[in-house]
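S.K.: One file: my_file_34.txt (compact mmCIF, C-alpha atoms).
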```
# COMPACT_ATOMS: atom_id res chain seq x y z
CA SER K 23 131.61 87.91 104.76
CA LEU K 24 133.52 86.41 101.88
CA ILE K 25 130.37 85.28 100.08
CA SER K 26 128.85 88.76 100.09
CA LEU K 27 132.09 90.31 98.82
CA ASP K 28 132.28 87.76 96.01
CA LEU K 29 128.64 88.47 95.09
CA MET K 30 129.26 92.21 95.10
CA ASP K 31 132.37 91.90 92.94
CA LYS K 32 130.82 89.41 90.51
CA PHE K 33 127.28 90.76 90.10
CA GLY K 34 127.65 94.32 91.38
CA ARG K 35 126.80 96.21 94.54
CA LYS K 36 123.32 97.14 93.31
CA HIS K 37 122.29 93.52 92.77
CA ALA K 38 123.58 92.50 96.19
CA LEU K 39 121.72 95.43 97.77
CA VAL K 40 118.42 94.50 96.10
CA ALA K 41 118.80 90.82 96.99
CA SER K 42 119.64 91.67 100.59
CA LEU K 43 116.74 94.11 101.01
CA SER K 44 114.34 91.63 99.40
CA CYS K 45 115.31 88.73 101.68
CA ILE K 46 115.23 90.80 104.86
CA SER K 47 111.87 92.33 103.85
CA LEU K 48 110.44 88.90 103.13
CA GLY K 49 111.61 87.76 106.56
CA CYS K 50 109.90 90.75 108.21
CA VAL K 51 106.63 90.10 106.37
CA MET K 52 106.83 86.41 107.30
CA LEU K 53 107.40 87.43 110.93
CA SER K 54 104.18 89.43 110.87
CA MET K 55 102.28 86.26 109.90
CA LEU K 56 103.50 84.14 112.83
CA THR K 57 100.87 85.12 115.38
CA GLY K 58 98.13 82.56 114.68
CA THR K 59 100.18 79.36 114.32
CA GLY K 60 100.37 76.44 116.76
CA ARG K 61 103.33 75.87 119.08
CA GLY K 62 105.23 73.33 116.93
CA ALA K 63 104.52 75.16 113.68
CA HIS K 64 105.51 78.41 115.36
CA LYS K 65 109.03 77.13 116.12
CA THR K 66 109.47 75.81 112.59
CA MET K 67 108.21 79.04 111.03
CA LEU K 68 110.39 81.12 113.33
CA PHE K 69 113.41 79.10 112.18
CA LEU K 70 112.39 79.65 108.55
CA VAL K 71 111.90 83.40 109.11
CA ALA K 72 115.29 83.69 110.81
CA SER K 73 116.91 81.75 107.95
CA VAL K 74 115.41 83.98 105.25
CA ALA K 75 116.22 87.24 107.06
CA GLY K 76 119.68 85.97 108.04
CA SER K 77 120.42 85.04 104.43
CA GLY K 78 119.54 88.57 103.39
CA SER K 79 121.74 89.95 106.11
CA GLY K 80 124.61 87.74 104.96
CA ILE K 81 124.19 88.74 101.33
CA GLY K 82 124.30 92.41 102.29
CA ALA K 83 127.08 92.18 104.85
CA GLY K 84 129.24 95.25 104.33
CA ILE K 85 127.20 96.60 101.41
CA ALA K 86 126.75 100.05 102.96
CA MET K 87 130.45 100.39 103.75
CA CYS K 88 131.44 99.11 100.31
CA MET K 89 129.09 101.47 98.46
CA GLY K 90 130.14 104.31 100.77
CA ALA K 91 133.80 103.74 99.92
CA ASP K 92 132.96 103.68 96.20
CA LEU K 93 131.00 106.91 96.49
CA ALA K 94 133.79 108.54 98.53
CA ASN K 95 136.04 108.07 95.50
CA VAL K 96 133.46 109.91 93.38
CA ALA K 97 133.24 112.70 95.97
CA GLN K 98 137.00 113.12 95.88
CA VAL K 99 137.07 113.26 92.07
CA LYS K 100 134.18 115.76 92.00
CA PHE K 101 135.98 117.89 94.60
CA LYS K 102 139.18 117.89 92.51
CA GLU K 103 137.18 118.93 89.44
CA SER K 104 135.33 121.73 91.25
CA SER K 105 138.32 123.23 93.06
CA ARG K 106 140.76 124.93 90.79
CA GLY K 107 143.90 123.80 92.54
CA GLY K 108 143.46 126.03 95.57
CA SER K 109 142.07 123.46 98.00
CA ASP K 110 143.44 120.31 99.55
CA ASP K 111 141.40 117.19 98.79
CA SER K 112 143.09 114.86 101.30
CA ASP K 113 140.22 115.04 103.79
CA VAL K 114 137.33 114.78 101.32
CA LYS K 115 137.06 110.98 101.55
CA ALA K 116 137.25 111.03 105.34
CA LEU K 117 134.59 113.74 105.61
CA PHE K 118 132.28 111.95 103.15
CA LEU K 119 132.68 108.58 104.90
CA GLY K 120 132.17 110.21 108.31
CA ILE K 121 128.85 111.72 107.25
CA PHE K 122 127.82 108.54 105.39
CA ARG K 123 128.66 106.30 108.35
CA THR K 124 126.94 108.65 110.83
CA SER K 125 123.70 108.45 108.87
CA GLN K 126 123.99 104.65 108.80
CA ASP K 127 124.66 104.52 112.55
CA LEU K 128 121.65 106.76 113.29
CA GLY K 129 119.44 104.23 111.49
CA GLN K 130 120.95 101.37 113.46
CA MET K 131 120.48 103.29 116.69
CA PHE K 132 116.90 104.48 116.25
CA GLY K 133 115.47 101.68 114.06
CA PRO K 134 115.22 99.04 116.79
CA GLN K 135 113.77 101.58 119.22
CA LEU K 136 111.10 102.52 116.71
CA VAL K 137 110.22 98.88 116.02
CA GLY K 138 110.12 98.12 119.75
CA THR K 139 107.85 101.08 120.42
CA LEU K 140 105.53 100.11 117.55
CA SER K 141 105.45 96.51 118.78
CA LYS K 142 104.51 97.64 122.27
CA GLN K 143 101.93 100.23 121.17
CA VAL K 144 100.35 98.34 118.25
CA SER K 145 101.65 94.77 117.71
CA LEU K 146 104.66 92.79 116.58
CA SER K 147 102.74 91.80 113.45
CA PHE K 148 102.23 95.45 112.52
CA SER K 149 105.91 96.23 113.10
CA GLY K 150 107.01 93.30 110.95
CA LEU K 151 104.62 94.25 108.17
CA LEU K 152 105.70 97.90 108.31
CA CYS K 153 109.41 97.02 108.24
CA GLY K 154 108.84 94.57 105.38
CA SER K 155 106.88 97.17 103.43
CA ILE K 156 109.58 99.81 103.90
CA GLY K 157 112.21 97.28 102.84
CA ILE K 158 110.27 96.36 99.70
CA LEU K 159 109.96 100.05 98.84
CA ALA K 160 113.71 100.45 99.42
CA ALA K 161 114.43 97.49 97.12
CA LEU K 162 112.19 98.98 94.40
CA PHE K 163 113.86 102.37 94.86
CA SER K 164 117.26 100.68 94.54
CA VAL K 165 116.24 98.96 91.30
CA CYS K 166 114.94 102.21 89.79
CA CYS K 167 117.18 104.94 91.18
CA VAL K 168 120.48 103.59 92.56
CA LYS K 169 123.38 103.45 90.16
CA GLU K 170 125.91 100.63 90.19
CA THR K 171 129.02 101.63 92.15
CA LYS K 172 131.19 98.56 91.43
CA ASP K 173 132.93 100.31 88.53
CA LEU K 174 133.64 103.39 90.70
CA ALA K 175 135.91 101.46 93.09
CA MET K 176 139.54 102.51 92.85
```
Give the structure from this file in structure tokens form.

M.R.:
Amino acid sequence: SLISLDLMDKFGRKHALVASLSCISLGCVMLSMLTGTGRGAHKTMLFLVASVAGSGSGIGAGIAMCMGADLANVAQVKFKESSRGGSDDSDVKALFLGIFRTSQDLGQMFGPQLVGTLSKQVSLSFSGLLCGSIGILAALFSVCCVKETKDLAM
């Protein structure tokens, strides 16, 4: 979305990633708290949960692809530096993005199945709390360990 691209270009990819993970995680934790509310309150809370998680999703729209493209540029430069003129670097970006995108797609493929299985075996509240906790850990990891890639874009 245009808003997420503007945020990423203005504040950096890392800040957009942390904001996105935080909102989605908050939505998951809020979802885990929905079980004991009354019918009218339940609909209102569900709308609020969807709004918070959807805002996070909107903020992070395209973040993985954008950071992947930035990192592909780094991979290509590193490849050029490591090969002493004997290798062709034209496929380095494509190979990097293929592996990066495959790992992202595996998460999108197996994540919902895992959450559905946990919801069926344990409860929806547990699944929401677990997803929120993992997301909060991912946001903290991003703050501490992920480097800004905005300046790497070519």

S.K.: When distances are computed from all atoms listed in the file, which of K:Ser47, K:Thr139, K:Ser125, K:Ser145 shows the smallest separation from K:Val71?

M.R.: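 Comparing K:Ser47, K:Thr139, K:Ser125, K:Ser145 against K:Val71, the winner is K:Ser47.
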
S.K.: Please, what distance in Å, to one decimal, runs between atom CA of K:Asp113 and atom CA of K:Leu27?

M.R.: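 Atom-to-atom, atom CA of K:Asp113 and atom CA of K:Leu27 are spaced 26.5 Å apart.
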
S.K.: Distance atom CA of K:Phe101-atom CA of K:Met89, one decimal place?

M.R.: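 Answer for the atom CA of K:Phe101 to atom CA of K:Met89 separation: 18.2 Å.
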
S.K.: Counting all atoms listed in the file, which residue out of K:Glu103, K:Gly138, K:Thr171, K:Leu70 sits closest to K:Arg35?

M.R.: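 Ranking K:Glu103, K:Gly138, K:Thr171, K:Leu70 by distance to K:Arg35, first place goes to K:Thr171.
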
S.K.: Kindly indicate which residue among K:Gly129, K:Gln98, K:Pro134, K:Ala75 lies nearest to K:Leu117, using only C-alpha atoms for the distances.

M.R.: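 Between K:Gly129, K:Gln98, K:Pro134, K:Ala75, the residue approaching K:Leu117 most closely is K:Gln98.
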
S.K.: To one decimal place in Å, what is the distance between atom CA of K:Asn95 and atom CA of K:Ser26?

M.R.: 21.1 Å

S.K.: Determine the nearest neighbour of K:Asp173 from the options K:Leu136, K:Leu152, K:Met87, K:Val96, counting all atoms listed in the file.

M.R.: K:Val96

S.K.: How close does each residue of stretch 65-162 of chain K get to stretch 43-46 of chain K, giving the shortest atom pair and distance in Å to one decimal for every residue with an atom at most 12 Å away, counting all atoms listed in the file, sorted by chain and residue number, as a Markdown table?

M.R.:
```
| residue | atom | partner | partner_atom | distance |
| --- | --- | --- | --- | --- |
| K:Leu70 | CA | K:Cys45 | CA | 11.8 |
| K:Val71 | CA | K:Ile46 | CA | 9.2 |
| K:Ala72 | CA | K:Ile46 | CA | 9.3 |
| K:Ser73 | CA | K:Cys45 | CA | 9.5 |
| K:Val74 | CA | K:Cys45 | CA | 5.9 |
| K:Ala75 | CA | K:Ile46 | CA | 4.3 |
| K:Gly76 | CA | K:Ile46 | CA | 7.3 |
| K:Ser77 | CA | K:Cys45 | CA | 6.9 |
| K:Gly78 | CA | K:Cys45 | CA | 4.6 |
| K:Ser79 | CA | K:Ile46 | CA | 6.7 |
| K:Gly80 | CA | K:Ile46 | CA | 9.9 |
| K:Ile81 | CA | K:Cys45 | CA | 8.9 |
| K:Gly82 | CA | K:Leu43 | CA | 7.9 |
| K:Ala83 | CA | K:Leu43 | CA | 11.2 |
| K:Ile85 | CA | K:Leu43 | CA | 10.8 |
| K:Ala86 | CA | K:Leu43 | CA | 11.8 |
| K:Gly150 | CA | K:Ile46 | CA | 10.5 |
| K:Leu151 | CA | K:Ile46 | CA | 11.6 |
| K:Cys153 | CA | K:Ile46 | CA | 9.2 |
| K:Gly154 | CA | K:Ile46 | CA | 7.4 |
| K:Ser155 | CA | K:Ser44 | CA | 10.1 |
| K:Ile156 | CA | K:Leu43 | CA | 9.6 |
| K:Gly157 | CA | K:Leu43 | CA | 5.8 |
| K:Ile158 | CA | K:Ser44 | CA | 6.2 |
| K:Leu159 | CA | K:Leu43 | CA | 9.3 |
| K:Ala160 | CA | K:Leu43 | CA | 7.2 |
| K:Ala161 | CA | K:Leu43 | CA | 5.6 |
| K:Leu162 | CA | K:Ser44 | CA | 9.1 |
```

S.K.: As lines of an AutoDock Vina configuration file, please: the centre and edge lengths in Å, to one decimal, of an axis-aligned box enclosing every listed atom of stretch 71-86 of chain K with 6 Å added on each side.

M.R.:
```
center_x = 120.6
center_y = 90.9
center_z = 106.1
size_x = 29.3
size_y = 30.3
size_z = 21.5
```

S.K.: Have a look at K:Val99, K:Ala94, K:Cys88, K:Val144 and name the one nearest to K:Leu39; count all atoms listed in the file.

M.R.: K:Cys88

S.K.: Pick out the residues sitting within 12 Å of K:Met55, and hand them over as a list of chain:residue names; count only C-alpha atoms, and ignore anything fewer than 2 positions along from it in its own chain.

M.R.: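 Non-adjacent residues within range: K:Leu48, K:Gly49, K:Cys50, K:Val51, K:Met52, K:Leu53, K:Thr57, K:Gly58, K:Thr59, K:Ala63, K:His64, K:Met67, K:Leu68, K:Val71, K:Ser145, K:Leu146, K:Ser147, K:Phe148, K:Ser149, K:Gly150, K:Leu151, K:Gly154.
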
S.K.: Can you sort out stretch 93-104 of chain K so it carries all heavy atoms, written as an mmCIF file, keeping the file's coordinate frame?

M.R.:
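Once written, part_15.cif looks like this:
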```
data_model
loop_
_atom_site.group_PDB
_atom_site.id
_atom_site.type_symbol
_atom_site.label_atom_id
_atom_site.label_comp_id
_atom_site.auth_asym_id
_atom_site.auth_seq_id
_atom_site.Cartn_x
_atom_site.Cartn_y
_atom_site.Cartn_z
ATOM 1 N N LEU K 93 131.508 105.553 96.678
ATOM 2 C CA LEU K 93 131.000 106.910 96.490
ATOM 3 C C LEU K 93 131.972 107.966 97.028
ATOM 4 O O LEU K 93 131.992 109.097 96.535
ATOM 5 C CB LEU K 93 129.629 107.060 97.158
ATOM 6 C CG LEU K 93 128.511 106.244 96.497
ATOM 7 C CD1 LEU K 93 127.244 106.304 97.334
ATOM 8 C CD2 LEU K 93 128.254 106.712 95.080
ATOM 9 N N ALA K 94 132.774 107.609 98.029
ATOM 10 C CA ALA K 94 133.790 108.540 98.530
ATOM 11 C C ALA K 94 134.822 108.843 97.443
ATOM 12 O O ALA K 94 135.311 109.972 97.340
ATOM 13 C CB ALA K 94 134.475 107.965 99.772
ATOM 14 N N ASN K 95 135.131 107.837 96.632
ATOM 15 C CA ASN K 95 136.040 108.070 95.500
ATOM 16 C C ASN K 95 135.443 109.083 94.530
ATOM 17 O O ASN K 95 136.136 109.956 94.018
ATOM 18 C CB ASN K 95 136.341 106.759 94.772
ATOM 19 C CG ASN K 95 137.177 105.816 95.599
ATOM 20 O OD1 ASN K 95 138.006 106.245 96.389
ATOM 21 N ND2 ASN K 95 136.957 104.531 95.423
ATOM 22 N N VAL K 96 134.141 108.958 94.278
ATOM 23 C CA VAL K 96 133.460 109.910 93.380
ATOM 24 C C VAL K 96 133.486 111.305 93.986
ATOM 25 O O VAL K 96 133.736 112.287 93.286
ATOM 26 C CB VAL K 96 132.005 109.455 93.117
ATOM 27 C CG1 VAL K 96 131.241 110.497 92.339
ATOM 28 C CG2 VAL K 96 131.993 108.122 92.399
ATOM 29 N N ALA K 97 133.229 111.393 95.304
ATOM 30 C CA ALA K 97 133.240 112.700 95.970
ATOM 31 C C ALA K 97 134.607 113.361 95.848
ATOM 32 O O ALA K 97 134.704 114.569 95.612
ATOM 33 C CB ALA K 97 132.848 112.540 97.443
ATOM 34 N N GLN K 98 135.654 112.564 95.987
ATOM 35 C CA GLN K 98 137.000 113.120 95.880
ATOM 36 C C GLN K 98 137.280 113.616 94.460
ATOM 37 O O GLN K 98 137.831 114.700 94.272
ATOM 38 C CB GLN K 98 138.042 112.074 96.286
ATOM 39 C CG GLN K 98 139.442 112.632 96.347
ATOM 40 C CD GLN K 98 140.431 111.633 96.901
ATOM 41 O OE1 GLN K 98 140.225 110.431 96.811
ATOM 42 N NE2 GLN K 98 141.502 112.133 97.482
ATOM 43 N N VAL K 99 136.871 112.852 93.459
ATOM 44 C CA VAL K 99 137.070 113.260 92.070
ATOM 45 C C VAL K 99 136.275 114.528 91.779
ATOM 46 O O VAL K 99 136.785 115.469 91.158
ATOM 47 C CB VAL K 99 136.677 112.120 91.098
ATOM 48 C CG1 VAL K 99 136.610 112.616 89.668
ATOM 49 C CG2 VAL K 99 137.644 110.964 91.231
ATOM 50 N N LYS K 100 135.024 114.571 92.233
ATOM 51 C CA LYS K 100 134.180 115.760 92.000
ATOM 52 C C LYS K 100 134.792 116.986 92.687
ATOM 53 O O LYS K 100 134.756 118.088 92.147
ATOM 54 C CB LYS K 100 132.761 115.536 92.522
ATOM 55 C CG LYS K 100 132.005 114.463 91.813
ATOM 56 C CD LYS K 100 131.500 114.949 90.486
ATOM 57 C CE LYS K 100 130.616 113.887 89.874
ATOM 58 N NZ LYS K 100 130.256 114.148 88.516
ATOM 59 N N PHE K 101 135.358 116.787 93.886
ATOM 60 C CA PHE K 101 135.980 117.890 94.600
ATOM 61 C C PHE K 101 137.193 118.413 93.821
ATOM 62 O O PHE K 101 137.399 119.614 93.699
ATOM 63 C CB PHE K 101 136.387 117.459 96.009
ATOM 64 C CG PHE K 101 137.003 118.559 96.810
ATOM 65 C CD1 PHE K 101 136.197 119.500 97.444
ATOM 66 C CD2 PHE K 101 138.381 118.674 96.940
ATOM 67 C CE1 PHE K 101 136.759 120.529 98.179
ATOM 68 C CE2 PHE K 101 138.951 119.695 97.672
ATOM 69 C CZ PHE K 101 138.137 120.628 98.306
ATOM 70 N N LYS K 102 137.999 117.488 93.295
ATOM 71 C CA LYS K 102 139.180 117.890 92.510
ATOM 72 C C LYS K 102 138.757 118.686 91.280
ATOM 73 O O LYS K 102 139.402 119.660 90.904
ATOM 74 C CB LYS K 102 139.973 116.657 92.062
ATOM 75 C CG LYS K 102 140.829 116.064 93.127
ATOM 76 C CD LYS K 102 141.605 114.872 92.569
ATOM 77 C CE LYS K 102 142.415 114.209 93.641
ATOM 78 N NZ LYS K 102 143.156 113.038 93.126
ATOM 79 N N GLU K 103 137.654 118.242 90.639
ATOM 80 C CA GLU K 103 137.180 118.930 89.440
ATOM 81 C C GLU K 103 136.637 120.323 89.766
ATOM 82 O O GLU K 103 136.798 121.256 88.997
ATOM 83 C CB GLU K 103 136.091 118.105 88.745
ATOM 84 C CG GLU K 103 136.609 116.834 88.113
ATOM 85 C CD GLU K 103 135.500 115.934 87.602
ATOM 86 O OE1 GLU K 103 134.303 116.260 87.801
ATOM 87 O OE2 GLU K 103 135.828 114.893 87.026
ATOM 88 N N SER K 104 135.968 120.458 90.915
ATOM 89 C CA SER K 104 135.330 121.730 91.250
ATOM 90 C C SER K 104 136.311 122.754 91.820
ATOM 91 O O SER K 104 136.133 123.946 91.647
ATOM 92 C CB SER K 104 134.176 121.522 92.226
ATOM 93 O OG SER K 104 134.673 121.079 93.473
#
```
